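First the structure, in the form of structure tokens, and then the observations on it.
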Amino acid sequence: MSLRLAQITDCHLQADALTFYKGVDADAHLDQCLSWLHNNAEVDLLMLTGDLSHFGSEAAYQRLKKKLSSLTYPCIWLAGNHDNCGIMQGVSGQAVQQLRVLDYDHWRLVVLNTTANADGNGAGSIASAQMEELRQVLEDGSQLPVCVFMHHNSMPVDSMWQDPIMLGNAQQFNALVASKPQVKAVLCGHVHQNFDQVVGNIRFLATPSSAVQFTCKQDKFKVEVELGPGLRLLTLEQGGHLNTKIQRLPRI
């Protein structure tokens with residue numbers, strides 16, 4: 001039986017729902033994504049891959065928790081560089097700073113925290129202890145194919161201003177997962193754009209934001225103002241096969 005996932009990322013909810021984020025109503029765009037999922041998709045699990053609040057606001061996390069309360073499937077919260085891990089953990093009740101392993105019949109999902117060693121400009125890393133824990137998880141004898149979720153991208157997206165703020169220890173992480181043939185995919189947020197690249201046996205994916213999209217391959221920051229929110233749907237099949245698509249919605 002396949003595992004059906006949705007990924008929503010980079011919600012950037014403000015402390016006050018009436019405050020816009022880069023010219024858009026971030027709350028309304030997230031509501032639009034959740035409404036689309038409710039009406040159009042069958043989902044077993046929702047991954048929220050970071051920057052859920054723009055300033056790590058408890059009020060924003062409380063609104064997010066309320067928005068998710070009617071969903072009939074689990075929602076996994078990840079922290080991004082704009083989040084406050086302690087406040088997020090308190091509201092969500094989830095161990096957002098820890099490595100988390102979710103085993104299903106035919107897949108293993110590994111959830112990482114990439115907010116260690118933040119540089120203040122947007123970059124973050126996997127803590128050395130968690131990197132070692134990841135190695136141990138990937139060497140524990142499980143034969144399940146692995147899909148990794150985290151906030152920061154470990155592959156450059158060919159953008160002069162974004163690539164310097166990707167995963168700080170990307171080289172170490174990429175070498176580790178490349179050495180483990182059961183790792184089939186790595187999914188992230190952070191870049192506010194669609195990214196899909198196969199390197200060796202691993203498919204590296206990034207997903208558009210539920211709030212605003214950043215223009216690809218730019219020297220300087222630029223918003224793609226004509227695009228509305230986006231999300232990703234994934235189907236993880238038996239045998240390690242992954243099918244995925246991006247769902248884009250109209251800008252409000």
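Within each chain, counting starts at residue 1; across the structure tokens, chains are named A, B, ... in the order shown, with ligands numbered 1 upward in that order.
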
Considering only C-alpha atoms, return as a VMD selection string whatever protein or nucleic-acid residues lie within 10 Å of A:Gln89, sequence-local ones (same chain, fewer than 5 positions apart) excluded. chain A and resid 61 77 to 79 84 94 to 97

Go through stretch 19-98 of chain A and collect every residue that DSSP, computed from the backbone, puts in strand (DSSP E); the answer should be as a list of chain:residue names. A:Leu45, A:Leu46, A:Met47, A:Leu48, A:Thr49, A:Cys75, A:Ile76, A:Trp77, A:Leu78

Env of A:Thr72: 10 Å cut, atoms = only C-alpha atoms, seq-sep filter 4 positions within chain, self excluded. Answer as a PyMOL selection string. chain A and resi 38+43-45+68

Selection from above, all heavy atoms, as a JSON list (two decimals), in the first residue's frame, can you write it?
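Result written to part_33.json:
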[["chain", "number", "residue", "atom", "x", "y", "z"],
["A", 38, "HIS", "N", -8.06, 19.55, 1.54],
["A", 38, "HIS", "CA", -9.29, 18.96, 2.06],
["A", 38, "HIS", "C", -10.23, 18.53, 0.94],
["A", 38, "HIS", "O", -10.86, 17.46, 1.02],
["A", 38, "HIS", "CB", -9.98, 19.96, 2.99],
["A", 38, "HIS", "CG", -11.31, 19.48, 3.50],
["A", 38, "HIS", "ND1", -11.43, 18.52, 4.48],
["A", 38, "HIS", "CD2", -12.59, 19.82, 3.15],
["A", 38, "HIS", "CE1", -12.72, 18.28, 4.72],
["A", 38, "HIS", "NE2", -13.43, 19.06, 3.92],
["A", 43, "VAL", "N", -4.74, 12.23, 1.80],
["A", 43, "VAL", "CA", -3.44, 12.42, 2.44],
["A", 43, "VAL", "C", -3.36, 11.57, 3.70],
["A", 43, "VAL", "O", -4.31, 11.52, 4.48],
["A", 43, "VAL", "CB", -3.22, 13.92, 2.78],
["A", 43, "VAL", "CG1", -1.93, 14.13, 3.54],
["A", 43, "VAL", "CG2", -3.24, 14.76, 1.52],
["A", 44, "ASP", "N", -2.20, 10.92, 3.89],
["A", 44, "ASP", "CA", -1.95, 10.16, 5.11],
["A", 44, "ASP", "C", -1.15, 10.96, 6.13],
["A", 44, "ASP", "O", -1.21, 10.66, 7.33],
["A", 44, "ASP", "CB", -1.19, 8.87, 4.78],
["A", 44, "ASP", "CG", -1.98, 7.97, 3.85],
["A", 44, "ASP", "OD1", -3.16, 7.72, 4.13],
["A", 44, "ASP", "OD2", -1.40, 7.52, 2.83],
["A", 45, "LEU", "N", -0.39, 11.95, 5.65],
["A", 45, "LEU", "CA", 0.51, 12.70, 6.52],
["A", 45, "LEU", "C", 0.85, 14.03, 5.87],
["A", 45, "LEU", "O", 1.07, 14.09, 4.66],
["A", 45, "LEU", "CB", 1.80, 11.90, 6.75],
["A", 45, "LEU", "CG", 2.87, 12.50, 7.67],
["A", 45, "LEU", "CD1", 2.41, 12.45, 9.12],
["A", 45, "LEU", "CD2", 4.19, 11.76, 7.51],
["A", 68, "LEU", "N", -4.88, 23.55, 11.72],
["A", 68, "LEU", "CA", -4.63, 22.12, 11.48],
["A", 68, "LEU", "C", -5.54, 21.21, 12.29],
["A", 68, "LEU", "O", -5.58, 20.00, 12.04],
["A", 68, "LEU", "CB", -3.17, 21.79, 11.82],
["A", 68, "LEU", "CG", -2.08, 22.56, 11.07],
["A", 68, "LEU", "CD1", -0.72, 22.20, 11.63],
["A", 68, "LEU", "CD2", -2.14, 22.28, 9.56]]

Residues near A:Val157, anyone? I mean within 9 Å using only C-alpha atoms, not counting same-chain ones fewer than 6 positions away, as an MDAnalysis selection string. chainID A and resid 163 191 195 216:217

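Distance annotation: of A:Arg135, A:Lys220, A:Arg100, A:His190, the residue with the minimal separation from A:Ser159 is A:Lys220; atom set is only C-alpha atoms.
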
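With distances restricted to only C-alpha atoms, A:His106 is the closest residue to A:Ser2 from A:His106, A:Arg232, A:Arg203, A:His192.
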
Who sits within 9 Å of A:Asn113, only C-alpha atoms, same chain under 3 positions skipped, as number ranges by chain: A: 78-80, 96-99, 116, 125-127, 130, 149-151

Restricted to N, CA and C atoms, what would the selected residues look like written as a CSV table (one decimal), in the first residue's frame?
chain,number,residue,atom,x,y,z
A,78,LEU,N,8.3,21.1,11.3
A,78,LEU,CA,9.7,21.3,11.3
A,78,LEU,C,10.1,22.8,11.5
A,79,ALA,N,11.2,23.0,12.1
A,79,ALA,CA,11.6,24.4,12.3
A,79,ALA,C,12.5,24.9,11.2
A,80,GLY,N,12.3,26.2,10.8
A,80,GLY,CA,13.2,26.8,9.8
A,80,GLY,C,14.0,27.9,10.5
A,96,VAL,N,10.7,19.2,18.0
A,96,VAL,CA,11.2,19.7,16.7
A,96,VAL,C,12.7,19.8,16.6
A,97,GLN,N,13.4,19.8,17.8
A,97,GLN,CA,14.9,19.9,17.7
A,97,GLN,C,15.6,18.6,17.6
A,98,GLN,N,14.8,17.5,17.6
A,98,GLN,CA,15.4,16.2,17.6
A,98,GLN,C,15.2,15.5,16.2
A,99,LEU,N,16.0,14.5,16.0
A,99,LEU,CA,15.8,13.7,14.8
A,99,LEU,C,14.6,12.8,15.1
A,116,ALA,N,20.7,24.4,13.7
A,116,ALA,CA,21.9,24.5,14.5
A,116,ALA,C,22.9,25.5,13.8
A,125,SER,N,22.5,24.6,10.1
A,125,SER,CA,23.2,23.3,9.9
A,125,SER,C,22.5,22.2,10.7
A,126,ILE,N,22.9,21.0,10.4
A,126,ILE,CA,22.5,19.8,11.3
A,126,ILE,C,23.6,19.7,12.4
A,127,ALA,N,23.2,19.7,13.6
A,127,ALA,CA,24.2,19.6,14.7
A,127,ALA,C,25.0,18.3,14.6
A,130,GLN,N,23.4,15.2,15.9
A,130,GLN,CA,22.3,14.7,15.1
A,130,GLN,C,22.8,14.1,13.8
A,149,PHE,N,13.3,14.5,5.4
A,149,PHE,CA,12.7,15.8,5.3
A,149,PHE,C,13.5,16.8,6.2
A,150,MET,N,13.7,18.0,5.7
A,150,MET,CA,14.4,19.0,6.5
A,150,MET,C,14.1,20.4,5.9
A,151,HIS,N,14.5,21.4,6.6
A,151,HIS,CA,14.2,22.8,6.1
A,151,HIS,C,15.2,23.3,5.1

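Relative to atom CA of A:Gln247, atom CA of A:Gln7 is found at 10.3 Å.
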
Show me a table, sorted first by chain and then by increasing residue number, of the residues of stretch 178-252 of chain A having an atom at most 7 Å from stretch 25-31 of chain A, each with its shortest atom pair and the distance in Å to one decimal, counting only C-alpha atoms and written as CSV.
residue,atom,partner,partner_atom,distance
A:Ser210,CA,A:Leu30,CA,5.5
A:Ala211,CA,A:Ala26,CA,5.0
A:Pro229,CA,A:His29,CA,6.0

Mind writing the picked residues with all heavy atoms as an mmCIF file, in the first residue's frame?
data_model
loop_
_atom_site.group_PDB
_atom_site.id
_atom_site.type_symbol
_atom_site.label_atom_id
_atom_site.label_comp_id
_atom_site.auth_asym_id
_atom_site.auth_seq_id
_atom_site.Cartn_x
_atom_site.Cartn_y
_atom_site.Cartn_z
ATOM 1 N N SER A 210 3.939 28.283 0.731
ATOM 2 C CA SER A 210 2.503 28.550 0.819
ATOM 3 C C SER A 210 2.221 30.044 0.823
ATOM 4 O O SER A 210 1.067 30.464 0.692
ATOM 5 C CB SER A 210 1.907 27.901 2.076
ATOM 6 O OG SER A 210 2.338 28.578 3.239
ATOM 7 N N ALA A 211 3.277 30.866 0.962
ATOM 8 C CA ALA A 211 3.092 32.318 1.037
ATOM 9 C C ALA A 211 3.462 32.988 -0.285
ATOM 10 O O ALA A 211 2.591 33.351 -1.077
ATOM 11 C CB ALA A 211 3.921 32.877 2.189
ATOM 12 N N PRO A 229 0.269 30.673 -3.962
ATOM 13 C CA PRO A 229 0.855 29.647 -3.105
ATOM 14 C C PRO A 229 1.056 28.320 -3.838
ATOM 15 O O PRO A 229 0.449 28.055 -4.876
ATOM 16 C CB PRO A 229 -0.172 29.498 -1.982
ATOM 17 C CG PRO A 229 -1.463 29.960 -2.577
ATOM 18 C CD PRO A 229 -1.098 31.042 -3.547
#

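Each of A:His152, A:His82, A:His54, A:His12 was compared to A:Ile165 using only C-alpha atoms, and A:His152 turns out to be the nearest.
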
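Close contacts of A:Gly228, defined as residues with an atom at most 6 Å away when counting only C-alpha atoms, with chain neighbours fewer than 5 positions off set aside, comprise Leu249, Pro250 and Arg251 of chain A.
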
Keeping only N, CA and C atoms, write those residues as an mmCIF file, in the first residue's frame.
data_model
loop_
_atom_site.group_PDB
_atom_site.id
_atom_site.type_symbol
_atom_site.label_atom_id
_atom_site.label_comp_id
_atom_site.auth_asym_id
_atom_site.auth_seq_id
_atom_site.Cartn_x
_atom_site.Cartn_y
_atom_site.Cartn_z
ATOM 1 N N LEU A 249 -1.641 27.291 -6.747
ATOM 2 C CA LEU A 249 -2.960 27.875 -6.556
ATOM 3 C C LEU A 249 -2.921 29.359 -6.906
ATOM 4 N N PRO A 250 -4.068 29.956 -7.223
ATOM 5 C CA PRO A 250 -4.080 31.366 -7.600
ATOM 6 C C PRO A 250 -3.687 32.279 -6.444
ATOM 7 N N ARG A 251 -3.009 33.361 -6.753
ATOM 8 C CA ARG A 251 -2.696 34.364 -5.739
ATOM 9 C C ARG A 251 -3.977 35.098 -5.347
#

Counting only C-alpha atoms, the residue of A:Ser142, A:Val183, A:Thr207, A:Gln14 that sits nearest A:Leu242: A:Val183

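The neighbours of stretch 177-181 of chain A here are the residues that come within 10 Å of it, using only C-alpha atoms and leaving out any residue fewer than 2 positions away in the same chain; they are Leu134, Arg135, Leu138, Glu139, Gln143, Pro145, Val146, Val148, Gln172, Phe173, Asn174, Ala175, Val183, Lys184, Ala185, Val186, Val199, Gly200, Asn201 and Ile202 of chain A.
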
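Atom CA of A:Val212 to atom CA of A:Leu227 spans 7.3 Å [interatomic distance, one decimal].
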
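Nearest-residue note for A:Met155: choosing from A:Asn117, A:Phe204, A:Leu5, A:Gly122, the minimum distance belongs to A:Phe204, counting only C-alpha atoms.
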
Any idea what the distance is between atom CA of A:Thr235 and atom CA of A:Leu3? 5.6 Å

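Proximity of A:Ala15, A:Gly50, A:Leu34, A:Glu58 to A:Ser70, computed with only C-alpha atoms, is greatest for A:Leu34.
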